[in-house]
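Report on the structure given below.
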Amino acid sequence: MVLSAIHTQSIGAIGVDCIVSSLQSLLESAGLKQYSRAASLWLFFAGCGVLELCISITLGKFIEWWRPLTSWTRRNSVAADVTYAIFVRTVLFPLVAYFEFDWLRRGYEAFLLGHSIHPPSLVSLFPGLAWWPALAFLANFALLDLADYWKHRLSHRYGWWYGIHSLHHAEDQMTFWSDERSHVLEDAITYVWLIAVGVAIGVPSFQFPFLILCLRFVGSLAHSNTRIDYGWLGERILISPRFHRTHHALKAAGRRSCNFGTALPWWDMAFGTARFGDNTIETGDAGAEVVMVSGSWGQQQAAGFRRMLRLAHRGRKSKVVRTAQ
Ligand SMILES: [Zn+2]
Ligand SMILES: [Zn+2]
């Protein structure tokens, strides 16, 4: 059992630790000894985030050029999406996906151990996974994706939540950049949600950021403006651009939506919300303010906030009506 734990630990952490230690030595030789560990961890994860973004851009641009689905005579500006994507990868992602996750995980495990409870994890539930680190990674990935499915589905259920989520749906020229369109409040909810699940299922601190990057990568490609087909089976294994475009269809904005998954369509299939074979081209949300589509980053965020308040108010009013009836 101890050997298994060491094995899993070594697979996931040795490579990362090596690179982080090299960065730390570099910083120390440059006279930056204080905080050099934290700075090198930050540099490493920000570097991974930027690398993932570069791969997404390269692949996204290529498939949109190779097999485009549609074209527009006048393109909406993606400046807000690009700016936010860079901010997320270099600031928010290392801060939350590594530092905050690690801090909370340590606190949670110390609390459980203080009460003589061994922290639960997938590997302790299924010890065989310790010898199959790739399988353990995939299992953690699938569980986080399941958590994200329910978070996304609920965000379409509650008016106030859809108000901020609708910033993501407002884009009427969906491309791989559209995955970056998100309200800061929604990102905060997403991180809290995924961190809580990650900590509860015992995801190692060095693994969590990579799981998040994998979700982002598949999510980016799923937003691409391309007619690339994954085939009957492929569409049921991994979420395709066609599958996710159905979620973004004009008629599917709000409560009547389907295809809520981020990376795996399995949860939509299991919970009866999957719709395959749809040929959606036009995307958007007719109820969104114009600035939510083509405004600056600040205007989009403010419009999302306003819509959240409006829909929350409307939700309260309809509840009062229902109670009165
Ligand atoms: Zn949605
Ligand atoms: Zn989307």
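Ordered as shown in the structure tokens, chains take letters A, B, and onward, while each chain numbers its residues from 1 and ligands are numbered from 1 in the order shown.
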
Protein and nucleic acid residues within 7 Å of ligand 2 (only C-alpha atoms and all ligand atoms) as JSON, numbers by chain:
{"A": [168, 169, 178, 179, 223, 244, 248]}

Would you save the residues of that selection, restricted to C-alpha atoms, as an mmCIF file, in the first residue's frame?
```
data_model
loop_
_atom_site.group_PDB
_atom_site.id
_atom_site.type_symbol
_atom_site.label_atom_id
_atom_site.label_comp_id
_atom_site.auth_asym_id
_atom_site.auth_seq_id
_atom_site.Cartn_x
_atom_site.Cartn_y
_atom_site.Cartn_z
ATOM 1 C CA HIS A 168 -20.859 33.026 -22.473
ATOM 2 C CA HIS A 169 -23.963 32.460 -24.616
ATOM 3 C CA SER A 178 -15.611 31.823 -27.167
ATOM 4 C CA ASP A 179 -14.569 29.349 -24.457
ATOM 5 C CA HIS A 223 -16.296 25.989 -29.427
ATOM 6 C CA HIS A 244 -21.428 21.933 -28.118
ATOM 7 C CA HIS A 248 -25.148 27.457 -27.980
#
```

Contacts of Cys48 (chain A) at 10 Å or less, counting only C-alpha atoms, minus same-chain residues fewer than 5 places along, as a PyMOL selection string?
chain A and resi 42-43+53-54+89-90+93-94+209-210+213

How would you report the residues lying within 9 Å of ligand 1, as an MDAnalysis selection string, if you count only C-alpha atoms and all ligand atoms?
chainID A and resid 152:153 155:156 162 165:166 168:169 247:248 252:254 257:260

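Residues with any atom within 12 Å of Leu125 (chain A), counting only C-alpha atoms and excluding same-chain neighbours fewer than 6 positions away, are Met1, His118, Pro119, Ala136, Ile201 and Gly202 of chain A.
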
Distance query Glu289 (chain A) at most 8 Å, only C-alpha atoms, self and fewer than 3 positions along chain excluded, as an mmCIF file with C-alpha atoms, in the first residue's frame:
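In the end it all went to around_18.cif:
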```
data_model
loop_
_atom_site.group_PDB
_atom_site.id
_atom_site.type_symbol
_atom_site.label_atom_id
_atom_site.label_comp_id
_atom_site.auth_asym_id
_atom_site.auth_seq_id
_atom_site.Cartn_x
_atom_site.Cartn_y
_atom_site.Cartn_z
ATOM 1 C CA MET A 292 -22.620 41.735 -23.957
ATOM 2 C CA VAL A 293 -21.812 40.616 -27.499
ATOM 3 C CA ALA A 303 -23.959 43.788 -18.565
#
```

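When CA of Phe44 (chain A) is paired with CA of Leu27 (chain A), their separation reads 12.4 Å.
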